[in-house]
Every structure is written in C-alpha cells, then in structure tokens.
Amino acid sequence: MESLVEGLPSPNPPPPTQEARPAASDVNNDSSITSSKKRKINSSEKEGIDSISSSPKTTNSSSSSCTSTSQHVQKKLRFEDSVDFIGLDVKMAEESSASCSSNKMKTVFLSGGVGHHANGLTKTAGSTTFSNSKPGAAKKLVIKNFKEKPKLPENYTHETWQKLKEAVEAIQNSISIKYNLEELYQAVENLCSHKISAKLYKQLQVVCEDHIKAQIDQFREDALDSTLFLKKIDKCWQDHCRQMIMIRSIFLFLDRTYVLQNSMLPSVWDMGLELFRFYIISDMKVQSKTIDGILLLIEKERSGETVDRSLLRSLLSMLSDLQIYQDSFEQRFLEETNRLYAAEGQRLMQEREVPDYLHHVNKRLEEEADRVITYLDQSTQKPLIATVEKQLLGEHLTATLQKGLNHLLDENRIQDLCLLYQLFSRVRGGVLVLLQHWIEYIKAFGSTMVINPEKDKTMVQELLDFKDKVDHIIQVCFMKNEKFVNAMKEAFETFINKRTNKPAELIAKHVDWKLRAGNKEATDEELEKMLDKIMIIFRFIYGKDVFEAFYKKDLAKRLLVGKSASVDAEKSMLSKLKHECGAAFTSKLEGMFKDMELSKDIMVQFKQCQNLPGNIELTVNILTMGYWPTYIPMEVHLLPEMVRLQEIFKTFYLGKHSGRKLQWQSTLGHCVLKAEFKEGKKELQVSLFQTLVLLMFNEGEEFTLEEIKLATGIEDGELRRTLQSLACGKARVIHKVPKSKDVEDGDKFSCNDDFKHKLFRIKINQIQMKETVEEQASTTERVYQDRQYQIDAAIVRIMKMRKTLSHNLLVSEVYNQLKFPVKPADLKKRIESLIDRDYMERDKENPNQYNYVA
C-alpha cells in the first residue's frame with residue numbers, strides 16, 4: 001500500500017473538479033431514462049433495481065450462472081452515474097433471462113434488437129411484446145419488478161464502515177491496505193445506495209478531523225529553526241494532499257452523489273482543505289512562523305543568497321489552495337517589498353551614477369517578474385511590479401533626470417537612453433517628465449551654439465550634427481514618439497531665433513560654401529542629402545528674407561565666377577526653396593539662371609563669329625544690373641589685347657540686343673591662357689587678376705610684390721590673394737622667395753619652368769575674398785529696408801479691410817501676417833510713419849484707435 005500511496009500524483013495541482021450535479025436526489029431515486037417515450041418506474045421496479053446493486057449476498061434463489069452474471073454487471077456499475085445504472089440493469093436482466101430459462105423469474109421480454117443511445121444507454125427498438133408481435137409491428141420493452149426490496153444483511157453497515165475506517169487510517173499512517181480498492185469502492189457505493197450517505201460522510205469527516213488534530217503538536221516546538229520548520233510544514237501538507245487524493249478515490253461515489261446533491265457540503269477534497277486550514281495553518285503560531293519563514297527566504301534571495309525555490313513554490317501554493325494567500329501572505333509581502341525598495345532607492349540614488357542605477361532597477365524588475373513565474377501567485381504580479389516601479393523609479397524621476405540625462409545625451413549613450421525611456425514608460429507620468437527635460441536640454445544646448453559669436457564659423461555644421469543626433473535618439477531610444485518629435489521642433493525654433501538674423505545669414509553662407517566645394521567633398525547624392533538637411537534647419541528660422549538676401553548675393557558670385565558645383569545642384573536648391581517659401585521668394589533667383597543661360601548662348605555665337613587672335617581666350621558671364629553682387633569698383637591696367645577683345649564683344653552684343661547697355665565688372669572676369677613649360681603646353685583657366693600677373697612674366701623673369709602692384713594696378717589685398725593662389729596653392733605656376741603660405745612685403749616671384757600637372761587644362765582657383773564688414777552691413781540694410789515696406793503694406797492692407805481698429809488688435813494681426821520678427825518699437829514707428837503720410841489717422845475720441853483714410 002505504501003508504494004501505491006507514494007505513486008499518486010503531486011498534490012500541488014488542484015484536485016479533480018467535481019462532476020456536474022445530477023438532477024436526481026439520490027442514486028436509488030434516479031429513475032429516468034432517455035428513450036423514444038419517457039416513462040416512470042414505480043416503487044416495485046425501484047426495489048428490483050436496488051436488489052441488483054446491493055451486496056452480493058442476496059436472498060434470490062437464482063442459479064450460479066445468474067449470480068455470476070449479476071456480479072459481473074455490478075462490477076461494470078461501480079463508476080457509472082445513476083442514469084447509466086438503470087440502463088445496465090436492463091441489459092443484465094436480458095442476459096439473465098437468456099441464460100437461466102429454467103428459472104421462473106422472467107422479468108424482461110425483448111422483441112427485436114436492442115439499440116444503443118448516443119450516451120451509451122440501451123433503449124428498446126419497439127413497443128410490443130412477443131405475444132402481440134406481428135411482422136412490421138412496433139416492438140416494446142416490458143420490465144417487471146421484484147416483489148420485495150432486498151435488505152442489507154445484519155451488521156453490514158457497521159462492518160462495512162469499520163473496513164472503510166481501517167483503510168482510511170492505513171492511508172493516513174502510510175501502511176498497506178488489507179482490502180482491494182475496488183472492493184472498498186463497492187462498499188461505499190452499496191452504503192450510498194441504501195441512504196446511508198449522510199452518516200458515512202460524517203463518519204469520514206470525523207476520522208479525517210481526528211488525524212489532522214493530532215498533527216498540530218509537532219509544529220509547536222520552539223527548537224525548530226525557520227528552514228526546518230518550513231520543510232516540516234511542507235511535508236505535512238504534501239502528505240495530507242496525497243492522503244486526501246487516495247481517500248477521495250475510495251469515496252468517489254459519495255462525492256459524486258450525496259455531496260453533489262447537497263450544495264452546502266464541501267467535497268471530500270475541500271473538506272480536507274478546510275480541516276487542514278482550521279487545525280493547522282490557522283493556528284496563529286504556526287501561521288506566523290510559516291509566513292515569517294517564507295518572507296525571510298525571499299529576503300535572502302533578494303540579497304543574493306541561493307534558497308530552496310521549490311520549497312517556496314510548494315508553501316505558497318499551499319496558501320493559495322487554502323485560500324489564505326492574499327490575507328496572510330500577500331499583504332505582508334508587499335509591505336516588506338515597499339520598505340525594502342524605498343530604502344534601497346534612496347541609498348542607491350546617492351551612491352551610483354544614473355546608468356548604473358538604471359541597470360540596477362531593470363535587474364530588480366526582472367528578478368521580481370521571475371519570482372512571480374517561479375513561486376509567487378499570478379495575482380501578485382501587478383501590485384508587486386507596481387511597488388518596485390514606484391519606489392525605485394516613480395519617487396526619483398526628477399532626481400534621475402537632473403543627475404544624469406544631460407550626461408547621457410552629451411555622451412550619446414544610446415543603450416542607456418533606450419533603457420531610460422523603457423523604464424520611465426512604465427511609470428505614470430514618467431514620459432511626460434522626460435519630455436520636459438528633453439525640451440530644456442535641446443534649448444540649452446542649442447542656445448550655446450547660436451548665441452556665442454565665437455562659434456559663427458561652425459554654427460551651421462554643429463546645428464546639422466545636433467539635429468542628426470536628436471533625430472537618431474528619437475528614432476532608436478524614444479520609439480519614434482510623436483510628442484518628442486514635436487517637442488524637438490519647437491525647441492529648435494525657440495533657440496535658433498534667439499539671435500536675430502544671424503543664423504539665417506550663416507545658413508546662406510554655409511550653402512554657398514557647400515555648393516562651391518561641390519563634388520570635391522561629396523558625391524551628387526551626398527550633396528543632395530546635405531541640402532535636404534540644411535532645408536530642415538532653414539524651416540526653423542524666422543528671418544527667411546535675410547537668408548534670401550545673402551543667398552542671392554552669393555549665388556550671383558558663384559554664377560559669375562563659375563565657382564558653383566553644378567547647375568543641377570543650384571537648381572535643386574532653388575526647387576527646395578520654392579517648395580518651402582513659394583514662387584515669389586525665388587523669382588529673382590530664377591532670373592539669374594535665365595541670364596546665365598543667355599550668356600552661354602551669346603558666347604557660342606560670339607565664338608562662331610570671331611577668330612580671337614593671340615593666346616588669350618575670353619569668357620563672358622552676363623547678369624542684369626539688379627543681380628550683380630556688390631564689389632568695390634576697381635580700375636586695373638588691362639593689356640591692349642584685352643581692351644580690344646572687350647570692344648569686339650561689346651560691338652557683337654549690342655548688335656544682337658539693341659537698346660541695352662553693357663557694363664564690364666572687371667573684378668570678376670576670367671580667361672584661358674595657353675602656356676608652355678618644359679613638360680609641354682598647358683591651358684590655364686584663371687581669373688582676370690591672375691591673367692594680368694602671369695602675362696608680366698612674358699616681359700621678365702623675376703618681379704617683386706611692389707613691381708607687380710605698380711604694373712597691374714591691382715589693389716594691395718586683392719593682389720596678395722592673387723599671388724598666393726599662384727605661388728602657394730596646389731598648382732604653383734610661379735615661385736615665391738622666401739617660401740611661406742602668406743605674401744609679405746619684399747617677396748620676389750619668378751616663373752616656374754619645371755611646373756608639372758597631369759591635366760592639360762588646369763583651373764587655378766582664386767582665393768575667395770572674405771566678405772567685408774561694409775558688404776555685410778549693406779546686405780543687412782537692404783533687408784531692413786525691405787522689411788519696412790512689408791510692414792507698411794501689411795498695416796495698410798489690414799486697415800483697408802477693417803476700416804477701424806484698436807492698437808492692440810492691429811499689432812496682433814500684423815504679427816500674424818509677417819513672416820519675420822519685428823520689435824514692438826519698430827512696429828510703432830511704422831504706424832506713426834503711415835499716419836504722417838495720411839494712410840491712416842488716430843480716432844479723435846479714442847487715441848488708442850486708428851481709422852483708415854481712403
């Protein structure tokens with residue numbers, strides 16, 4: 001028996017669920033069967049059925065074969081429900097009638113085959129007896145009752161209970177059972193069939209209660225330490241569960257009939273749970289020591305020690321099965337967890353850096369989630385994780401960000417930022433707090449780039465790099481959160497306009513520098529991507545008219561000097577500006593390209609019509625006066641050959657386009673010179689000033705700086721840059737003594753006869769003249785004047801439509817229409833100017849109100 005008990009399944013899984021309660025009140029009262037017609041079985045029929053299901057010792061005088069058949073049927077009946085019981089009695093009666101024909105007790109007459117219902121019960125195929133059967137007529141089953149209800153033998157109930165009690169005690173004491181389990185099951189069934197179920201249930205309850213009462217004393221010893229006590233209570237629980245599973249298997253018939261019919265009674269399994277809960281675990285000392293021991297083990301595990309997790313799982317499963325998990329354990333467990341992590345959060349926030357602290361918090365959350373999976377009840381997961389999140393994160397949101405967010409962003413710690421966002425997303429309000437600090441960081445970091453004049457040279461590139469950085473963080477770390485995207489845009493717009501006009505000017509100059517460098521620094525695809533990024537920064541600035549002014553000036557220089565990367569890149573940039581600002585913004589810029597295309601056409605015709613003498617090839621770029629960049633007028637000493645070529649082109653151009661004037665901007669001219677070196681002939685594509693310098697070496701071998709200046713008439717600063725490009729650049733066609741990067745007074749220059757280059761046509765770039773303060777001021781002044789006109793137009797347009805308007809409303813509407821920032825004082829001056837010019841007037845009764853003058 002010991003091996004049988006030990007081989008039973010583990011008690012931790014819930015016991016087998018009870019079957020649905022049948023409608024009948026007891027097994028011997030369940031007399032309905034499903035057939036083609038429902039009928040009732042009278043009391044005498046019930047007695048006959050009871051006699052079949054009673055003890056094998058019956059007073060019936062059947063033959064031995066009949067007896068064995070009856071016993072065989074009884075074996076089949078032991079696990080069947082009451083409805084099946086009657087159906088099998090019918091089958092048994094049929095078999096008895098066939099095998100015991102000499103016996104006068106013929107109770108069943110069958111005609112035709114016996115069919116089988118879908119649920120396994122037998123049913124008659126017809127409704128008539130043998131005597132009345134006719135071919136094709138319906139057939140019926142007739143059941144006749146026993147004359148008397150069989151009675152149990154004397155002392156049967158007592159003896160049977162003693163046998164059952166002995167078996168239960170054997171199970172409880174883990175010793176062998178003398179009787180066959182089927183025999184015990186049949187005994188319970190017989191007792192239940194004779195309405196002894198209530199007494200049997202109470203007797204079983206008393207035996208179980210007495211056994212469990214006797215177990216409590218072993219847990220009241222103070223000598224047991226916590227771990228040994230927990231193992232002992234766990235063994236007691238395991239033994240109890242195994243015992244109750246075996247006991248329930250014997251009393252299963254009682255469980256399925258009597259208990260199911262009485263809703264107030266617990267099942268045999270539940271009865272065992274109630275007894276264990278009442279006599280063992282509800283004892284205050286036992287329960288307190290059990291809960292304390294469990295909490296101590298969990299505390300040790302949280303401290304890094306290895307504990308018996310299977311013991312924890314078994315004990316907590318016991319508390320859950322006994323339905324005291326929430327009240328006795330979970331509440332205390334959550335309180336201890338709250339205290340532990342509250343103290344730990346305060347301590348570690350002071351001791352650790354933010355990245356280390358975040359990884360610790362993540363580790364703690366993973367550990368607690370693993371505890372839920374391993375041994376805690378699933379219902380504990382939500383409050384447990386919420387407690388950890390609150391104490392380790394929720395209480396330190398602002399402190400964490402103030403201490404470490406700037407460092408994580410400055411160092412571009414992508415993984416740590418990902419973890420930060422993931423953890424803050426778990427806490428209510430965490431993402432919002434992170435968003436606020438994110439905005440503050442962008443504004444503060446961006447302002448350092450924009451406000452500091454010392455960073456003007458690198459401002460735009462730093463802005464582009466910073467934009468790439470925050471875009472990547474939003475994409476990878478902040479899960480493309482739309483709130484962070486919008487916040488970033490607002491922050492950029494705020495800080496980039498803190499310094500009026502300057503960012504717009506520097507962005508235009510940055511575009512100019514990139515387009516001048518062109519394919520030397522990037523491919524066409526890379527250049528296109530760079531322009532797209534610049535346009536993103538361009539969207540944030542208010543002073544787009546400032547950008548337009550400087551961009552137009554730089555575009556004119558690029559087109560005239562031929563320093564642009566490519567016409568395609570220029571047109572791509574114009575297309576982007578047109579998309580952002582509209583056709584009115586780019587109309588003048590597009591006009592420059594039309595003039596440049598015209599000049600190319602003129603030059604082709606000019607070359608076809610003229611045979612230019614000498615070794616100088618003239619190139620002409622044409623722009624109308626309104627598009628010319630501002631240069632200081634400079635008179636230089638041109639060679640007679642150059643003057644003659646200019647006159648030839650002037651005569652040709654005016655003959656093609658009558659009524660126009662042609663003015664030369666000699667500062668921007670460039671030529672192609674055919675030069676011969678020891679290596680061979682080369683064509684040098686140079687500026688006008690470079691041409692004048694190089695041609696001097698046809699007349700002599702060496703000249704000083706002062707001699708070249710006197711002969712060419714080039715301004716001192718421009719001459720130094722010209723000589724520097726010829727003597728200190730990549731293509732050094734002349735020598736400078738002494739060698740240095742800069743041109744100083746007294747330097748001497750001579751022709752480099754040993755000059756070598758892999759190309760036949762060599763372009764020697766002129767060192768770009770830096771924008772002068774006067775030129776920058778002139779451009780800014782033009783922008784300021786244009787803004788005055790736009791302000792005036794906006795005010796007049798609003799007043800013409802509204803006729804009468806207060807000062808505050810007028811100012812508000814003007815701000816809404818203008819696309820650039822205006823100071824209130826400047827706006828007030830424009831209003832006064834319009835009043836002076838009689839476009840509007842102050843109301844005579846209300847000086848704070850204006851009237852439009854038609």
# chains A, B, ... in the order shown; residues from 1 in each chain; ligands from 1

call {"tool": "residues_around", "arguments": {"residues": "stretch 275-292 of chain A", "least_positions_apart": "2", "cutoff": "7 Å", "atoms": "only C-alpha atoms", "output": "ChimeraX atom specification"}}
result
/A:209,212-213,216,219,230,271-273,294-296,322,329

call {"tool": "write_last_selection", "arguments": {"atoms": "C-alpha atoms", "output": "mmCIF file, in the first residue's frame"}}
result
data_model
loop_
_atom_site.group_PDB
_atom_site.id
_atom_site.type_symbol
_atom_site.label_atom_id
_atom_site.label_comp_id
_atom_site.auth_asym_id
_atom_site.auth_seq_id
_atom_site.Cartn_x
_atom_site.Cartn_y
_atom_site.Cartn_z
ATOM 1 C CA GLU A 209 -10.526 15.588 11.656
ATOM 2 C CA ILE A 212 -5.346 16.329 11.411
ATOM 3 C CA LYS A 213 -5.826 17.429 15.020
ATOM 4 C CA ILE A 216 -0.586 20.269 15.224
ATOM 5 C CA PHE A 219 4.721 22.417 14.963
ATOM 6 C CA LEU A 230 9.098 25.258 6.734
ATOM 7 C CA MET A 271 -13.371 19.021 3.424
ATOM 8 C CA GLY A 272 -9.733 18.000 3.788
ATOM 9 C CA LEU A 273 -8.609 21.529 2.881
ATOM 10 C CA ILE A 294 8.728 32.467 3.720
ATOM 11 C CA LEU A 295 9.454 36.210 3.863
ATOM 12 C CA LEU A 296 12.898 35.514 5.303
ATOM 13 C CA LEU A 322 -6.158 27.028 1.365
ATOM 14 C CA PHE A 329 0.928 36.435 2.963
#

call {"tool": "select_by_dssp", "arguments": {"residues": "stretch 639-849 of chain A", "states": "strand (DSSP E or B)", "output": "ChimeraX atom specification"}}
result
/A:670-677,680-687,702-704,734-737,748-751,761-763,804-806,840-842,849

call {"tool": "closest_residue", "arguments": {"among": "A:Gly293, A:Gly746, A:Gly680, A:Gly543", "to": "A:Leu818", "atoms": "only C-alpha atoms"}}
result
A:Gly543

call {"tool": "closest_residue", "arguments": {"among": "A:Glu590, A:Asp838, A:Glu189, A:Glu389", "to": "A:Tyr341", "atoms": "only C-alpha atoms"}}
result
A:Glu389

call {"tool": "atom_distance", "arguments": {"atom1": "atom CA of A:Glu718", "atom2": "atom CA of A:Lys514"}}
result
23.4 Å

call {"tool": "closest_residue", "arguments": {"among": "A:Phe492, A:Phe251, A:Tyr551, A:Tyr325", "to": "A:Lys443", "atoms": "only C-alpha atoms"}}
result
A:Phe492

call {"tool": "residues_around", "arguments": {"residues": "A:Ala342", "least_positions_apart": "2", "cutoff": "12 Å", "atoms": "only C-alpha atoms", "output": "list in words"}}
result
Leu334, Glu335, Glu336, Thr337, Asn338, Arg339, Leu340, Glu344, Gly345, Gln346, Arg347, Leu348, Met349, Thr387, Val388, Glu389, Lys390, Gln391, Leu392, Leu393, Gly394, Glu395 and His396 of chain A

call {"tool": "residues_around", "arguments": {"residues": "A:Cys192", "least_positions_apart": "5", "cutoff": "8 Å", "atoms": "only C-alpha atoms", "output": "PDB file with N, CA, C and O atoms, in the first residue's frame"}}
result
ATOM      1  N   VAL A  27     -29.025   8.150  -5.756  1.00  0.00           N
ATOM      2  CA  VAL A  27     -28.847   7.185  -6.819  1.00  0.00           C
ATOM      3  C   VAL A  27     -30.041   6.252  -6.951  1.00  0.00           C
ATOM      4  O   VAL A  27     -30.439   5.870  -8.040  1.00  0.00           O
ATOM      5  N   SER A 197     -25.677   7.666   3.121  1.00  0.00           N
ATOM      6  CA  SER A 197     -24.664   8.625   2.662  1.00  0.00           C
ATOM      7  C   SER A 197     -24.346   9.667   3.713  1.00  0.00           C
ATOM      8  O   SER A 197     -23.177   9.990   3.956  1.00  0.00           O
ATOM      9  N   PHE A 253     -17.771   7.703  -5.105  1.00  0.00           N
ATOM     10  CA  PHE A 253     -19.223   7.569  -5.320  1.00  0.00           C
ATOM     11  C   PHE A 253     -19.994   8.488  -4.380  1.00  0.00           C
ATOM     12  O   PHE A 253     -20.967   9.129  -4.772  1.00  0.00           O
ATOM     13  N   LEU A 254     -19.536   8.580  -3.162  1.00  0.00           N
ATOM     14  CA  LEU A 254     -20.147   9.500  -2.196  1.00  0.00           C
ATOM     15  C   LEU A 254     -20.002  10.948  -2.668  1.00  0.00           C
ATOM     16  O   LEU A 254     -20.927  11.757  -2.566  1.00  0.00           O
ATOM     17  N   TYR A 258     -24.072  12.034  -3.129  1.00  0.00           N
ATOM     18  CA  TYR A 258     -24.608  12.713  -1.959  1.00  0.00           C
ATOM     19  C   TYR A 258     -24.071  14.149  -1.837  1.00  0.00           C
ATOM     20  O   TYR A 258     -24.829  15.096  -1.596  1.00  0.00           O
TER      21      TYR A 258
END

call {"tool": "residues_around", "arguments": {"residues": "A:Ile171", "least_positions_apart": "4", "cutoff": "7 Å", "atoms": "only C-alpha atoms", "output": "PyMOL selection string"}}
result
chain A and resi 167+175+243

call {"tool": "closest_residue", "arguments": {"among": "A:Gln326, A:Gln646, A:Ser750, A:Gln402", "to": "A:Leu695", "atoms": "only C-alpha atoms"}}
result
A:Ser750

call {"tool": "closest_residue", "arguments": {"among": "A:Gln436, A:Gln323, A:Thr691, A:Thr448", "to": "A:Thr398", "atoms": "only C-alpha atoms"}}
result
A:Gln436

call {"tool": "residues_around", "arguments": {"residues": "A:Pro503", "least_positions_apart": "4", "cutoff": "12 Å", "atoms": "only C-alpha atoms", "output": "VMD selection string"}}
result
chain A and resid 446 to 447 449 to 453 455 to 463 492 to 493 495 to 499 507 to 510 534 537 to 547 550

call {"tool": "residues_around", "arguments": {"residues": "A:Lys741", "least_positions_apart": "2", "cutoff": "9 Å", "atoms": "only C-alpha atoms", "output": "ChimeraX atom specification"}}
result
/A:724,727-729,739,743

call {"tool": "write_last_selection", "arguments": {"atoms": "N, CA and C atoms", "output": "PDB file, in the first residue's frame"}}
result
ATOM      1  N   GLN A 724      49.137  84.628 -53.883  1.00  0.00           N
ATOM      2  CA  GLN A 724      49.070  83.462 -53.003  1.00  0.00           C
ATOM      3  C   GLN A 724      48.467  82.258 -53.725  1.00  0.00           C
ATOM      4  N   ALA A 727      51.248  81.013 -56.273  1.00  0.00           N
ATOM      5  CA  ALA A 727      52.539  80.564 -55.762  1.00  0.00           C
ATOM      6  C   ALA A 727      52.456  79.616 -54.572  1.00  0.00           C
ATOM      7  N   CYS A 728      51.287  79.596 -53.877  1.00  0.00           N
ATOM      8  CA  CYS A 728      51.191  78.813 -52.639  1.00  0.00           C
ATOM      9  C   CYS A 728      50.105  77.734 -52.692  1.00  0.00           C
ATOM     10  N   GLY A 729      49.387  77.658 -53.813  1.00  0.00           N
ATOM     11  CA  GLY A 729      48.317  76.673 -53.918  1.00  0.00           C
ATOM     12  C   GLY A 729      48.806  75.331 -54.412  1.00  0.00           C
ATOM     13  N   LYS A 739      59.865  81.014 -49.255  1.00  0.00           N
ATOM     14  CA  LYS A 739      58.686  80.167 -49.277  1.00  0.00           C
ATOM     15  C   LYS A 739      57.889  80.330 -47.979  1.00  0.00           C
ATOM     16  N   VAL A 743      51.862  86.085 -48.385  1.00  0.00           N
ATOM     17  CA  VAL A 743      52.658  87.001 -49.217  1.00  0.00           C
ATOM     18  C   VAL A 743      52.984  88.242 -48.388  1.00  0.00           C
TER      19      VAL A 743
END

call {"tool": "select_by_dssp", "arguments": {"residues": "stretch 239-381 of chain A", "states": "alpha helix (DSSP H)", "output": "ChimeraX atom specification"}}
result
/A:239-250,252-254,260-261,268-276,284-302,309-321,331-351,354-374,381

call {"tool": "atom_distance", "arguments": {"atom1": "atom CA of A:Met479", "atom2": "atom CA of A:Gly429"}}
result
16.8 Å

call {"tool": "closest_residue", "arguments": {"among": "A:Gly717, A:Lys483, A:Asp270, A:Asp843", "to": "A:Leu434", "atoms": "only C-alpha atoms"}}
result
A:Lys483

call {"tool": "atom_distance", "arguments": {"atom1": "atom CA of A:Asp747", "atom2": "atom CA of A:Lys763"}}
result
24.5 Å
